[in-house]
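Below is one structure, written out as structure tokens; the observations come after it.
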Amino acid sequence: MVKLDDRLFEILSTITQNHLTFKTFLVSCFTSNDKRIQKFVMAFYKYGGIADVINTWSDNLVLPDHLVEALPAAAAFVVKHARDELKVASSDRKLRLAANNVTSAKAKGIKLRYVENRLKLTAPTVHVLLTGLASINKVRSATPIVSTIASILIFSCSRKANYHQMVTGLQLFNEGASRKLIGIYSKVGMSVSYRTAMRGLNSLTKDAQQQLRDHGERLDMNRDEDIDREEDMDREEDMGREEDMDREEDMDREEDMDREEDMDREVDMDREVDMDREEDLGLEECLDRERDIEYPGP
């Protein structure tokens with residue numbers, strides 16, 4: 001069986017016989033428009049060829065002269081794509097905080113983990129690069145460093161991507177930082193300008209006033225609801241009282257009717273007694289009359 005090295009040597013010899021260097025051969029393959037050659041190149045891309053070559057090249061590249069030429073090219077490649085990702089990240093609306101839209105909920109503090117998660121979604125290469133550089137000290141979390149540096153880079157792409165800077169500017173102002181100090185932070189991309197921070201503070205003040213008004217309205221609504229509830233309870237009590245009075249009147253009426261019925265019943269009973277007495281008297285008279293007839297006097 002032919003060894004792999006022997007087969008590779010035959011291929012390289014063939015390249016040389018065709019008056020090509022190894023470099024020219026590779027560059028020509030990747031830049032060729034011939035569909036037959038593109039078929040092999042696309043298969044190389046599809047099955048992770050680039051990553052495998054870079055990893056192998058990085059592990060086996062030991063000569064300093066090779067690094068001098070290779071690292072700038074590799075860095076330029078990464079920078080080019082990192083810039084594209086930063087432009088995408090700068091258009092992320094969730095990393096924006098307009099000065100006229102600052103609220104207490106949004107300005108409570110910088111959520112570094114939130115910024116890092118947004119960076120993972122919009123600029124994964126930048127996130128990997130910054131995380132690798134910030135992980136030199138494995139004891140300390142890389143999140144604050146990654147989020148801060150990424151926010152500065154994104155802010156440099158677009159002043160609208162100012163979530164980190166706006167919150168920082170408001171916190172500096174709240175801690176009594178001077179206008180000059182806020183200006184220094186603004187120049188290095190860690191804060192918005194003093195004027196923008198003031199606009200954000202005005203917006204924050206309006207939001208606080210609106211919250212107070214909303215709270216007052218809620219209190220008024222609750223007070224009105226309590227009053228309505230009390231009125232309903234009073235109304236129910238009045239209705240209950242009226243029902244009790246009606247019930248008492250009905251009971252009194254029933255008692256009166258029962259009393260009248262009792263009186264009528266007594267009258268009827270007296271009448272019956274009188275009638276019975278009259279009947280008894282009538283019977284006695286009849287008996288006396290019959291007795292007189294049967295036994296006339298002398």
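Residue numbering restarts at 1 for every chain of the structure tokens, chains are lettered A, B, ... in their displayed order, and ligands are numbered from 1 as they appear.
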Find the residues around segment 147-153 of chain A up to 12 Å (only C-alpha atoms counted), leave out those fewer than 5 positions away in its own chain, and share them as a compact mmCIF listing (two decimals) with N, CA and C atoms, in the first residue's frame.
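Output file part_18.txt follows:
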# COMPACT_ATOMS: atom_id res chain seq x y z
N ALA A 82 -15.18 41.33 12.38
CA ALA A 82 -15.62 41.88 13.66
C ALA A 82 -16.27 43.25 13.46
N ARG A 83 -15.73 44.04 12.54
CA ARG A 83 -16.34 45.35 12.25
C ARG A 83 -17.75 45.19 11.70
N ASP A 84 -17.91 44.22 10.82
CA ASP A 84 -19.25 43.97 10.27
C ASP A 84 -20.23 43.58 11.39
N GLU A 85 -19.76 42.75 12.31
CA GLU A 85 -20.62 42.35 13.43
C GLU A 85 -20.94 43.53 14.34
N LEU A 86 -19.97 44.40 14.56
CA LEU A 86 -20.20 45.56 15.42
C LEU A 86 -21.24 46.50 14.80
N LYS A 87 -21.23 46.60 13.48
CA LYS A 87 -22.23 47.43 12.81
C LYS A 87 -23.63 46.85 13.01
N VAL A 88 -23.70 45.52 12.95
CA VAL A 88 -24.99 44.86 13.20
C VAL A 88 -25.42 45.09 14.65
N ALA A 89 -24.47 44.94 15.57
CA ALA A 89 -24.79 45.13 16.99
C ALA A 89 -25.22 46.57 17.29
N SER A 90 -24.63 47.53 16.59
CA SER A 90 -24.97 48.94 16.83
C SER A 90 -26.39 49.27 16.39
N ASP A 92 -28.86 47.23 17.02
CA ASP A 92 -29.74 46.51 17.95
C ASP A 92 -30.49 47.53 18.82
N LEU A 95 -30.04 47.80 22.62
CA LEU A 95 -28.83 48.40 23.17
C LEU A 95 -28.85 49.92 23.01
N ARG A 96 -30.05 50.46 22.78
CA ARG A 96 -30.21 51.91 22.61
C ARG A 96 -31.08 52.47 23.73
N ILE A 110 -26.66 49.26 35.07
CA ILE A 110 -26.20 48.58 33.86
C ILE A 110 -26.30 47.07 34.07
N LYS A 111 -27.05 46.43 33.22
CA LYS A 111 -27.17 44.98 33.29
C LYS A 111 -26.12 44.37 32.37
N LEU A 112 -24.94 44.10 32.95
CA LEU A 112 -23.81 43.65 32.16
C LEU A 112 -24.07 42.30 31.50
N ARG A 113 -24.73 41.41 32.21
CA ARG A 113 -25.03 40.11 31.63
C ARG A 113 -25.97 40.25 30.44
N TYR A 114 -26.89 41.20 30.55
CA TYR A 114 -27.82 41.45 29.44
C TYR A 114 -27.06 41.95 28.21
N VAL A 115 -26.12 42.88 28.42
CA VAL A 115 -25.31 43.39 27.30
C VAL A 115 -24.50 42.27 26.66
N GLU A 116 -23.93 41.41 27.49
CA GLU A 116 -23.13 40.30 26.96
C GLU A 116 -23.99 39.34 26.14
N ASN A 117 -25.20 39.06 26.62
CA ASN A 117 -26.09 38.16 25.88
C ASN A 117 -26.49 38.75 24.54
N ARG A 118 -26.73 40.06 24.50
CA ARG A 118 -27.05 40.71 23.22
C ARG A 118 -25.84 40.65 22.28
N LEU A 119 -24.64 40.76 22.86
CA LEU A 119 -23.42 40.68 22.05
C LEU A 119 -23.25 39.29 21.46
N LYS A 120 -23.59 38.26 22.22
CA LYS A 120 -23.50 36.89 21.70
C LYS A 120 -24.38 36.71 20.48
N THR A 122 -25.62 39.21 18.36
CA THR A 122 -25.36 40.11 17.23
C THR A 122 -23.91 40.13 16.78
N ALA A 123 -22.97 39.81 17.67
CA ALA A 123 -21.55 39.86 17.31
C ALA A 123 -20.82 38.68 17.97
N PRO A 124 -21.09 37.46 17.52
CA PRO A 124 -20.49 36.29 18.18
C PRO A 124 -18.97 36.24 18.09
N THR A 125 -18.41 36.67 16.95
CA THR A 125 -16.94 36.66 16.81
C THR A 125 -16.30 37.63 17.79
N VAL A 126 -16.88 38.82 17.91
CA VAL A 126 -16.36 39.81 18.85
C VAL A 126 -16.45 39.28 20.27
N HIS A 127 -17.55 38.61 20.57
CA HIS A 127 -17.72 38.06 21.92
C HIS A 127 -16.66 37.01 22.23
N VAL A 128 -16.42 36.12 21.28
CA VAL A 128 -15.40 35.08 21.49
C VAL A 128 -14.02 35.72 21.67
N LEU A 129 -13.71 36.71 20.84
CA LEU A 129 -12.41 37.37 20.91
C LEU A 129 -12.22 38.08 22.25
N LEU A 130 -13.21 38.87 22.66
CA LEU A 130 -13.08 39.61 23.92
C LEU A 130 -13.08 38.67 25.12
N THR A 131 -13.88 37.63 25.06
CA THR A 131 -13.92 36.67 26.18
C THR A 131 -12.57 35.98 26.33
N LEU A 133 -9.64 37.18 25.46
CA LEU A 133 -8.66 38.14 25.97
C LEU A 133 -8.91 38.47 27.45
N ALA A 134 -10.20 38.49 27.84
CA ALA A 134 -10.54 38.88 29.21
C ALA A 134 -10.45 37.72 30.20
N SER A 141 -14.56 37.26 36.88
CA SER A 141 -15.52 37.08 35.79
C SER A 141 -15.17 37.98 34.61
N ALA A 142 -15.31 37.44 33.41
CA ALA A 142 -14.99 38.21 32.21
C ALA A 142 -16.15 39.09 31.76
N SER A 158 -21.93 53.60 16.37
CA SER A 158 -23.15 54.40 16.30
C SER A 158 -23.43 55.01 17.66
N ARG A 159 -23.58 56.33 17.70
CA ARG A 159 -23.87 57.02 18.95
C ARG A 159 -25.26 56.68 19.48
N LYS A 160 -26.07 56.06 18.64
CA LYS A 160 -27.40 55.68 19.09
C LYS A 160 -27.36 54.44 19.99
N ALA A 161 -26.32 53.63 19.83
CA ALA A 161 -26.18 52.42 20.65
C ALA A 161 -25.53 52.81 21.97
N ASN A 162 -26.29 53.48 22.82
CA ASN A 162 -25.72 54.16 23.99
C ASN A 162 -26.30 53.69 25.32
N TYR A 163 -26.83 52.48 25.37
CA TYR A 163 -27.45 52.00 26.62
C TYR A 163 -26.45 52.07 27.78
N HIS A 164 -25.29 51.46 27.58
CA HIS A 164 -24.26 51.43 28.63
C HIS A 164 -23.81 52.85 28.98
N GLN A 165 -23.61 53.67 27.96
CA GLN A 165 -23.08 55.03 28.17
C GLN A 165 -24.10 55.94 28.86
N MET A 166 -25.38 55.80 28.49
CA MET A 166 -26.40 56.65 29.10
C MET A 166 -26.54 56.34 30.59
N VAL A 167 -26.61 55.06 30.93
CA VAL A 167 -26.75 54.69 32.34
C VAL A 167 -25.51 55.12 33.13
N THR A 168 -24.32 54.96 32.52
CA THR A 168 -23.10 55.39 33.20
C THR A 168 -23.09 56.90 33.43
N TYR A 185 -14.98 60.74 30.45
CA TYR A 185 -15.61 59.44 30.21
C TYR A 185 -16.25 59.39 28.83
N SER A 186 -16.82 60.51 28.41
CA SER A 186 -17.48 60.55 27.10
C SER A 186 -16.46 60.42 25.97
N LYS A 187 -15.30 61.02 26.12
CA LYS A 187 -14.29 60.97 25.06
C LYS A 187 -13.77 59.55 24.84
N VAL A 188 -13.70 58.76 25.90
CA VAL A 188 -13.20 57.38 25.75
C VAL A 188 -14.35 56.40 25.46
N GLY A 189 -15.56 56.93 25.30
CA GLY A 189 -16.69 56.08 24.91
C GLY A 189 -17.36 55.34 26.04
N MET A 190 -17.11 55.74 27.29
CA MET A 190 -17.72 55.06 28.42
C MET A 190 -18.97 55.76 28.93
N SER A 191 -19.23 56.96 28.43
CA SER A 191 -20.39 57.72 28.88
C SER A 191 -20.86 58.63 27.75
N VAL A 192 -22.11 59.03 27.85
CA VAL A 192 -22.61 60.06 26.93
C VAL A 192 -22.05 61.40 27.38
query = Using only C-alpha atoms, which residues sit within 12 Å of Val41 of chain A once same-chain residues fewer than 6 positions away are excluded, as a ChimeraX atom specification?
reply = /A:26-35,47-50
key: Contacts of Leu201 of chain A within 9 Å, only C-alpha atoms, excl. fewer than 3 positions in-chain, as a list in words   =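 Neighbouring residues, sequence-local ones excluded: Ala99, Asn100, Val102, Leu170, Phe173, Thr196, Ala197, Met198, Leu204, Thr205 and Lys206 of chain A.
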Please produce a file of those selected residues containing all heavy atoms, as a CSV table (one decimal), in the first residue's frame.
chain,number,residue,atom,x,y,z
A,99,ALA,N,-32.2,59.8,24.8
A,99,ALA,CA,-32.2,60.7,26.0
A,99,ALA,C,-33.6,61.1,26.3
A,99,ALA,O,-33.8,61.5,27.5
A,99,ALA,CB,-31.3,61.9,25.6
A,100,ASN,N,-34.5,61.2,25.4
A,100,ASN,CA,-35.8,61.6,25.6
A,100,ASN,C,-36.8,60.4,26.0
A,100,ASN,O,-38.0,60.6,26.1
A,100,ASN,CB,-36.4,62.3,24.4
A,100,ASN,CG,-36.4,61.4,23.2
A,100,ASN,OD1,-35.9,60.3,23.2
A,100,ASN,ND2,-37.0,61.9,22.1
A,102,VAL,N,-35.7,58.1,28.7
A,102,VAL,CA,-35.1,57.5,29.9
A,102,VAL,C,-36.2,57.4,31.0
A,102,VAL,O,-36.9,58.3,31.3
A,102,VAL,CB,-33.9,58.3,30.4
A,102,VAL,CG1,-33.3,57.7,31.6
A,102,VAL,CG2,-32.9,58.4,29.3
A,170,LEU,N,-25.7,58.9,33.7
A,170,LEU,CA,-26.6,59.3,34.8
A,170,LEU,C,-26.1,58.9,36.2
A,170,LEU,O,-26.3,59.6,37.1
A,170,LEU,CB,-28.0,58.5,34.5
A,170,LEU,CG,-28.7,59.0,33.3
A,170,LEU,CD1,-29.9,58.1,33.1
A,170,LEU,CD2,-29.2,60.5,33.4
A,173,PHE,N,-23.5,61.5,37.1
A,173,PHE,CA,-24.1,62.7,37.5
A,173,PHE,C,-24.8,62.6,38.9
A,173,PHE,O,-24.7,63.5,39.8
A,173,PHE,CB,-25.2,63.1,36.5
A,173,PHE,CG,-25.8,64.4,36.7
A,173,PHE,CD1,-25.2,65.6,36.1
A,173,PHE,CD2,-26.9,64.6,37.5
A,173,PHE,CE1,-25.8,66.8,36.3
A,173,PHE,CE2,-27.5,65.9,37.7
A,173,PHE,CZ,-26.9,67.0,37.1
A,196,THR,N,-26.0,65.4,26.9
A,196,THR,CA,-26.9,64.3,26.7
A,196,THR,C,-27.4,63.7,28.0
A,196,THR,O,-28.5,63.3,28.2
A,196,THR,CB,-26.2,63.2,25.9
A,196,THR,OG1,-25.8,63.8,24.6
A,196,THR,CG2,-27.2,62.1,25.6
A,197,ALA,N,-26.4,63.7,29.0
A,197,ALA,CA,-26.8,63.2,30.3
A,197,ALA,C,-27.9,64.1,31.0
A,197,ALA,O,-28.8,63.6,31.6
A,197,ALA,CB,-25.6,63.1,31.2
A,198,MET,N,-27.7,65.4,30.8
A,198,MET,CA,-28.7,66.3,31.3
A,198,MET,C,-30.1,66.1,30.6
A,198,MET,O,-31.1,66.1,31.3
A,198,MET,CB,-28.3,67.8,31.1
A,198,MET,CG,-27.1,68.2,32.0
A,198,MET,SD,-27.6,68.1,33.7
A,198,MET,CE,-28.9,69.3,33.8
A,204,LEU,N,-35.8,61.6,32.8
A,204,LEU,CA,-36.0,60.8,34.0
A,204,LEU,C,-36.9,61.5,35.0
A,204,LEU,O,-37.8,60.9,35.6
A,204,LEU,CB,-34.7,60.4,34.6
A,204,LEU,CG,-34.6,59.5,35.8
A,204,LEU,CD1,-35.2,58.1,35.4
A,204,LEU,CD2,-33.2,59.3,36.3
A,205,THR,N,-36.7,62.8,35.1
A,205,THR,CA,-37.6,63.6,36.0
A,205,THR,C,-39.0,63.6,35.5
A,205,THR,O,-39.9,63.5,36.4
A,205,THR,CB,-37.0,65.1,36.0
A,205,THR,OG1,-35.7,65.1,36.5
A,205,THR,CG2,-37.9,65.9,37.0
A,206,LYS,N,-39.2,63.7,34.2
A,206,LYS,CA,-40.6,63.7,33.7
A,206,LYS,C,-41.2,62.4,34.0
A,206,LYS,O,-42.4,62.3,34.3
A,206,LYS,CB,-40.6,64.0,32.2
A,206,LYS,CG,-40.2,65.4,31.9
A,206,LYS,CD,-40.2,65.6,30.4
A,206,LYS,CE,-39.8,67.1,30.0
A,206,LYS,NZ,-39.7,67.3,28.5
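One distance worth recording is that between atom CA of Arg199 of chain A and atom CA of Ile145 of chain A, which is 27.7 Å.
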ask   = Where in segment 8-237 of chain A does DSSP assign alpha helix (DSSP H), given as a ChimeraX atom specification?
value = /A:8-17,22-31,35-46,49-60,64-90,112-122,124-134,143-157,163-174,179-187,194-237
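Across the model, the gap from atom CA of Asp65 of chain A to atom CA of Ile136 of chain A is 25.9 Å.
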Would you list the contacts of Leu12 of chain A as a tab-separated table (two decimals) with C-alpha atoms, in the first residue's frame, taking every protein, DNA or RNA residue within 12 Å and counting only C-alpha atoms, but skipping same-chain residues closer than 3 positions in sequence?
chain	number	residue	atom	x	y	z
A	5	ASP	CA	3.39	10.85	2.36
A	6	ASP	CA	4.32	9.20	-0.93
A	7	ARG	CA	0.97	10.13	-2.44
A	8	LEU	CA	1.32	13.71	-1.21
A	9	PHE	CA	4.81	13.88	-2.70
A	15	ILE	CA	2.18	20.69	-9.15
A	16	THR	CA	5.84	21.54	-9.64
A	17	GLN	CA	5.91	19.90	-13.06
A	18	ASN	CA	3.04	22.20	-14.04
A	19	HIS	CA	5.19	25.19	-13.07
A	20	LEU	CA	3.11	26.02	-9.99
A	21	THR	CA	4.17	26.68	-6.44
A	22	PHE	CA	2.15	25.25	-3.57
A	23	LYS	CA	0.99	28.76	-2.70
A	24	THR	CA	-0.05	29.51	-6.26
A	25	PHE	CA	-1.85	26.19	-6.45
A	26	LEU	CA	-3.93	26.87	-3.32
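The gap separating atom CA of Val53 of chain A from atom CA of Val78 of chain A is 16.0 Å, in Å to one decimal.
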